[in-house]
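**Q** One structure, pasted below without further comment.
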Amino acid sequence: MKQEFKKYIDSYIELFSDFNSEEVAFLKSYLTIEAYSKKDFLFKSGEVQKEIGFVCKGLLRRYYINEKGNKITTGFVNENKYATDYPAFIRQIPTKYFIECLEPSVIIKLPYHKIQEGYNKFKSSEMYGRLIAEHVLTVQTDRVESFLFKNAEERYIEFIENNKDIANRISMSHLASLLGIERQSLSRIRSKLAKK
């Protein structure tokens with residue numbers, strides 16, 4: 001294993017500080033790590049996601065294709081976050097989304113069947129699974145509620161405040177798609193805010 005990859009695996013294992021040596025050995029036994037190029041897909045619509053991805057390095061975009069053939073961005077995944085369509089993953093059904101690398105990326109992969117085995121063997125594995133599920137649910141709920149209760153400018157401000165680490169790494173087109181507006185509208189919002 002490349003030295004860089006070993007460093008990422010070791011860093012990932014450190015996240016599970018409550019695990020005993022048996023749990024750590026079990027986790028290490030099934031982790032795989034893979035490098036992706038820009039424009040590579042972690043998974044595509046119609047596929048059953050067999051592994052959940054943890055981003056060590058890079059930036060990915062989650063999107064779907066609507067009835068007009070437009071790619072609609074629903075989120076970005078950067079370092080130290082899980083790349084998944086979690087509801088489809090836990091039910092092992094085909095996803096409706098694409099997750100594409102916007103940058104060269106390094107991703108740790110955890111197979112579904114091993115995660116389930118860990119839940120059955122170890123209580124602390126269940127706890128981490130619950131925490132991941134809660135995080136995913138919160139992110140998805142926040143996105144839905146932003147469309148219900150906020151206008152485009154408020155959504156933009158909130159995104160920038162919460163994503164300072166990736167704001168300058170994504171294109172205006174992808175950001176406009178995430179916010180549910182046209183690129184020109186995003187330009188007007190940015191121009192207006194710059195004058196304040």
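We label chains A, B, ... in the order they appear in the structure tokens, count residues from 1 in each chain, and number ligands from 1 in the order shown.
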Residues of stretch 70-153 of chain A that approach stretch 172-188 of chain A to 9 Å or less, counting only C-alpha atoms: could you list each one with the shortest pair of atoms and its distance in Å to one decimal, rows by chain and increasing residue number, as JSON lines?
**A**
```
{"residue": "A:Lys71", "atom": "CA", "partner": "A:Ser177", "partner_atom": "CA", "distance": 8.0}
{"residue": "A:Ile72", "atom": "CA", "partner": "A:Ser177", "partner_atom": "CA", "distance": 5.6}
{"residue": "A:Thr73", "atom": "CA", "partner": "A:Leu178", "partner_atom": "CA", "distance": 4.7}
{"residue": "A:Thr74", "atom": "CA", "partner": "A:Leu178", "partner_atom": "CA", "distance": 5.4}
{"residue": "A:Gly75", "atom": "CA", "partner": "A:Leu178", "partner_atom": "CA", "distance": 6.6}
{"residue": "A:Phe76", "atom": "CA", "partner": "A:Leu178", "partner_atom": "CA", "distance": 8.9}
{"residue": "A:Phe147", "atom": "CA", "partner": "A:Gly180", "partner_atom": "CA", "distance": 8.3}
{"residue": "A:Ala152", "atom": "CA", "partner": "A:Leu179", "partner_atom": "CA", "distance": 6.5}
{"residue": "A:Glu153", "atom": "CA", "partner": "A:Leu186", "partner_atom": "CA", "distance": 8.2}
```
**Q** Write to file, as a PDB file, in the first residue's frame, the residues of the selection just made, with C-alpha atoms.
**A**
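Once written, out_19.pdb looks like this:
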```pdb
ATOM      1  CA  LYS A  71     -27.973  17.758 -14.415  1.00  0.00           C
ATOM      2  CA  ILE A  72     -29.354  19.044 -11.101  1.00  0.00           C
ATOM      3  CA  THR A  73     -26.757  19.321  -8.330  1.00  0.00           C
ATOM      4  CA  THR A  74     -27.983  18.223  -4.910  1.00  0.00           C
ATOM      5  CA  GLY A  75     -24.755  18.467  -2.951  1.00  0.00           C
ATOM      6  CA  PHE A  76     -20.990  18.394  -2.749  1.00  0.00           C
ATOM      7  CA  PHE A 147     -36.113  25.652  -0.525  1.00  0.00           C
ATOM      8  CA  ALA A 152     -32.167  32.248  -3.396  1.00  0.00           C
ATOM      9  CA  GLU A 153     -30.019  34.972  -1.831  1.00  0.00           C
TER      10      GLU A 153
END
```
**Q** Contacts of A:Gly53 at 8 Å or less, counting only C-alpha atoms, minus same-chain residues fewer than 2 places along, as a ChimeraX atom specification?
**A** /A:42,51,55,82-84,107-110
**Q** Using backbone DSSP assignments, extract all helix (DSSP H, G or I) residues from stretch 30-166 of chain A; output them as a count of residues only.
**A** 55
**Q** Between atom CA of A:Asp40 and atom CA of A:Leu15, what distance in Å does the model show, to one decimal?
**A** 26.8 Å
**Q** Determine the nearest neighbour of A:Ala133 from the options A:Tyr12, A:Phe19, A:Tyr36, A:Tyr86, counting only C-alpha atoms.
**A**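 The closest residue to A:Ala133 is A:Tyr86.
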**Q** From the options A:Lys150, A:Arg61, A:Lys164, A:Arg169, which residue's atoms come nearest to A:Ile99, counting only C-alpha atoms?
**A**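 The shortest atom-to-atom distance to A:Ile99 comes from A:Arg61.
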**Q** So, counting only C-alpha atoms, which residue among A:Ile160, A:Leu148, A:Val48, A:Val77 is closest to A:Pro111?
**A**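 The answer is A:Val48, which sits nearest to A:Pro111.
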**Q** I want to know what sits within 7 Å of A:Phe41, based on only C-alpha atoms, with residues of the same chain fewer than 3 positions away left out; could you give that as number ranges by chain?
**A** A: 44, 99-101
**Q** What does the file look like for those residues with N, CA, C and O atoms, as a PDB file, in the first residue's frame?
**A**
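Okay, this is what ended up in result22.pdb:
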```pdb
ATOM      1  N   LYS A  44     -23.126   5.571 -10.312  1.00  0.00           N
ATOM      2  CA  LYS A  44     -24.034   6.210 -11.272  1.00  0.00           C
ATOM      3  C   LYS A  44     -25.470   5.801 -10.990  1.00  0.00           C
ATOM      4  O   LYS A  44     -25.726   4.753 -10.396  1.00  0.00           O
ATOM      5  N   ILE A  99     -22.601  10.286  -8.424  1.00  0.00           N
ATOM      6  CA  ILE A  99     -21.592  10.999  -7.634  1.00  0.00           C
ATOM      7  C   ILE A  99     -20.311  10.994  -8.457  1.00  0.00           C
ATOM      8  O   ILE A  99     -19.742   9.944  -8.750  1.00  0.00           O
ATOM      9  N   GLU A 100     -19.923  12.207  -8.871  1.00  0.00           N
ATOM     10  CA  GLU A 100     -18.812  12.403  -9.801  1.00  0.00           C
ATOM     11  C   GLU A 100     -17.703  13.213  -9.133  1.00  0.00           C
ATOM     12  O   GLU A 100     -17.977  14.170  -8.408  1.00  0.00           O
ATOM     13  N   CYS A 101     -16.466  12.837  -9.401  1.00  0.00           N
ATOM     14  CA  CYS A 101     -15.321  13.574  -8.861  1.00  0.00           C
ATOM     15  C   CYS A 101     -15.105  14.865  -9.634  1.00  0.00           C
ATOM     16  O   CYS A 101     -14.986  14.850 -10.859  1.00  0.00           O
TER      17      CYS A 101
END
```
**Q** May I ask for the distance between atom CA of A:Phe26 and atom CA of A:Ile132, given in Å to one decimal place?
**A** 18.7 Å
**Q** Which of these, A:Ile90, A:Lys68, A:Lys81, A:Lys114, has the shortest distance to A:Thr32 once you count only C-alpha atoms?
**A** A:Lys114
**Q** Applying 9 Å and only C-alpha atoms, which residues near A:Tyr8 remain after dropping the ones on its own chain fewer than 3 positions away? List them as a list in words.
**A** Gln3, Glu4, Phe5, Ser11, Tyr12, Ile13, Ile33, Cys56, Lys57, Val106 and Ile108 of chain A
**Q** Hey, what's within 12 Å of A:Arg130 if we count only C-alpha atoms and toss same-chain stuff fewer than 6 positions away? As a ChimeraX atom specification, please?
**A** /A:86,90,115,119,123-124,136-137
**Q** Generate the output file for the selected residues, N, CA and C atoms, as a PDB file, in the first residue's frame.
**A**
```
ATOM      1  N   TYR A  86     -27.426   7.594   0.906  1.00  0.00           N
ATOM      2  CA  TYR A  86     -27.597   6.740   2.086  1.00  0.00           C
ATOM      3  C   TYR A  86     -28.925   5.975   2.113  1.00  0.00           C
ATOM      4  N   ILE A  90     -28.643   1.923   2.352  1.00  0.00           N
ATOM      5  CA  ILE A  90     -29.066   1.052   3.461  1.00  0.00           C
ATOM      6  C   ILE A  90     -30.159   0.068   3.044  1.00  0.00           C
ATOM      7  N   ILE A 115     -20.342  -3.684   6.958  1.00  0.00           N
ATOM      8  CA  ILE A 115     -20.947  -2.738   7.902  1.00  0.00           C
ATOM      9  C   ILE A 115     -22.037  -3.452   8.698  1.00  0.00           C
ATOM     10  N   TYR A 119     -22.313  -4.236  12.732  1.00  0.00           N
ATOM     11  CA  TYR A 119     -23.465  -3.895  13.595  1.00  0.00           C
ATOM     12  C   TYR A 119     -23.859  -5.088  14.470  1.00  0.00           C
ATOM     13  N   LYS A 123     -21.417  -3.340  19.493  1.00  0.00           N
ATOM     14  CA  LYS A 123     -22.370  -2.290  19.862  1.00  0.00           C
ATOM     15  C   LYS A 123     -21.907  -0.911  19.363  1.00  0.00           C
ATOM     16  N   SER A 124     -20.601  -0.633  19.480  1.00  0.00           N
ATOM     17  CA  SER A 124     -20.112   0.693  19.084  1.00  0.00           C
ATOM     18  C   SER A 124     -20.228   0.919  17.572  1.00  0.00           C
ATOM     19  N   VAL A 136     -26.532  12.410   7.716  1.00  0.00           N
ATOM     20  CA  VAL A 136     -27.097  12.409   6.357  1.00  0.00           C
ATOM     21  C   VAL A 136     -28.524  12.959   6.371  1.00  0.00           C
ATOM     22  N   LEU A 137     -29.330  12.531   7.338  1.00  0.00           N
ATOM     23  CA  LEU A 137     -30.710  13.003   7.453  1.00  0.00           C
ATOM     24  C   LEU A 137     -30.752  14.515   7.677  1.00  0.00           C
TER      25      LEU A 137
END
```
**Q** Need to verify the contact set: A:Arg91, 12 Å, only C-alpha atoms, exclusion of same-chain residues closer than 3 positions in sequence. Can you return it as a PDB file with N, CA and C atoms, in the first residue's frame?
**A**
```pdb
ATOM      1  N   VAL A  48     -26.659  -0.214  -7.780  1.00  0.00           N
ATOM      2  CA  VAL A  48     -26.812  -0.458  -6.348  1.00  0.00           C
ATOM      3  C   VAL A  48     -25.439  -0.195  -5.729  1.00  0.00           C
ATOM      4  N   GLN A  49     -25.404   0.743  -4.796  1.00  0.00           N
ATOM      5  CA  GLN A  49     -24.150   1.129  -4.168  1.00  0.00           C
ATOM      6  C   GLN A  49     -23.745   0.068  -3.144  1.00  0.00           C
ATOM      7  N   LYS A  50     -22.715  -0.696  -3.465  1.00  0.00           N
ATOM      8  CA  LYS A  50     -22.272  -1.794  -2.598  1.00  0.00           C
ATOM      9  C   LYS A  50     -21.360  -1.314  -1.475  1.00  0.00           C
ATOM     10  N   ASP A  85     -25.529   7.784  -1.413  1.00  0.00           N
ATOM     11  CA  ASP A  85     -26.973   8.008  -1.419  1.00  0.00           C
ATOM     12  C   ASP A  85     -27.459   7.092  -0.306  1.00  0.00           C
ATOM     13  N   TYR A  86     -27.426   7.594   0.906  1.00  0.00           N
ATOM     14  CA  TYR A  86     -27.597   6.740   2.086  1.00  0.00           C
ATOM     15  C   TYR A  86     -28.925   5.975   2.113  1.00  0.00           C
ATOM     16  N   PRO A  87     -30.067   6.622   1.820  1.00  0.00           N
ATOM     17  CA  PRO A  87     -31.318   5.850   1.837  1.00  0.00           C
ATOM     18  C   PRO A  87     -31.295   4.647   0.877  1.00  0.00           C
ATOM     19  N   ALA A  88     -30.740   4.848  -0.323  1.00  0.00           N
ATOM     20  CA  ALA A  88     -30.647   3.724  -1.269  1.00  0.00           C
ATOM     21  C   ALA A  88     -29.613   2.710  -0.798  1.00  0.00           C
ATOM     22  N   PRO A  94     -31.323   0.441  -6.283  1.00  0.00           N
ATOM     23  CA  PRO A  94     -30.631   1.320  -7.223  1.00  0.00           C
ATOM     24  C   PRO A  94     -30.794   2.798  -6.845  1.00  0.00           C
ATOM     25  N   THR A  95     -29.696   3.537  -6.952  1.00  0.00           N
ATOM     26  CA  THR A  95     -29.718   4.962  -6.668  1.00  0.00           C
ATOM     27  C   THR A  95     -30.263   5.742  -7.862  1.00  0.00           C
ATOM     28  N   TYR A 112     -21.099  -2.690   2.216  1.00  0.00           N
ATOM     29  CA  TYR A 112     -22.375  -2.795   2.918  1.00  0.00           C
ATOM     30  C   TYR A 112     -22.430  -4.028   3.825  1.00  0.00           C
ATOM     31  N   HIS A 113     -22.072  -5.205   3.280  1.00  0.00           N
ATOM     32  CA  HIS A 113     -22.221  -6.442   4.057  1.00  0.00           C
ATOM     33  C   HIS A 113     -21.306  -6.461   5.279  1.00  0.00           C
ATOM     34  N   GLN A 116     -22.875  -4.223   8.000  1.00  0.00           N
ATOM     35  CA  GLN A 116     -23.950  -4.965   8.674  1.00  0.00           C
ATOM     36  C   GLN A 116     -23.376  -5.995   9.652  1.00  0.00           C
TER      37      GLN A 116
END
```
**Q** Using only C-alpha atoms, which residue out of A:Asn151, A:Ser45, A:Ser191, A:Ser17 lies closest to A:Tyr63?
**A**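 Residue with the minimum atom-to-atom distance to A:Tyr63: A:Ser45.
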**Q** What is the distance between atom CA of A:Asn66 and atom CA of A:Asp142, in Å to one decimal?
**A**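 Spanning atom CA of A:Asn66 to atom CA of A:Asp142 is a straight-line distance of 21.3 Å.
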**Q** Identify, with DSSP run on backbone atoms, the residues in chain A assigned to strand (DSSP E), and express the list as number ranges by chain.
**A** A: 32-36, 41-43, 51-57, 59-65, 71-78, 82-83, 98-101, 105-111
**Q** Check which residues of stretch 91-193 of chain A sit at most 9 Å from stretch 20-23 of chain A using only C-alpha atoms, and return one row each with the closest pair of atoms and their distance in Å to one decimal, ordered by chain and rising number, as a Markdown table.
**A**
```
| residue | atom | partner | partner_atom | distance |
| --- | --- | --- | --- | --- |
| A:Gly118 | CA | A:Glu23 | CA | 8.2 |
| A:Lys121 | CA | A:Glu23 | CA | 8.8 |
| A:Phe122 | CA | A:Glu23 | CA | 7.2 |
| A:Ser124 | CA | A:Glu23 | CA | 8.6 |
| A:Ser125 | CA | A:Glu23 | CA | 8.2 |
```
**Q** Go ahead and write the residues just picked, N, CA and C atoms, as a compact mmCIF listing (two decimals), in the first residue's frame.
**A**
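Final output, saved to part-v9.txt:
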```txt
# COMPACT_ATOMS: atom_id res chain seq x y z
N GLY A 118 -20.54 -5.76 11.18
CA GLY A 118 -20.04 -4.99 12.32
C GLY A 118 -21.15 -4.61 13.28
N LYS A 121 -21.92 -7.60 15.36
CA LYS A 121 -20.85 -8.05 16.26
C LYS A 121 -20.56 -7.06 17.39
N PHE A 122 -20.64 -5.76 17.07
CA PHE A 122 -20.15 -4.74 18.01
C PHE A 122 -21.17 -3.64 18.24
N SER A 124 -20.60 -0.63 19.48
CA SER A 124 -20.11 0.69 19.08
C SER A 124 -20.23 0.92 17.57
N SER A 125 -20.20 -0.16 16.78
CA SER A 125 -20.40 -0.02 15.34
C SER A 125 -21.80 0.51 15.05
```
**Q** Check the smallest atom-to-atom distance from each of A:Glu103, A:Asp18, A:Glu79, A:Glu161 to A:Lys38 using only C-alpha atoms, then report the winner.
**A**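 For A:Lys38, the nearest of the candidates is A:Glu103.
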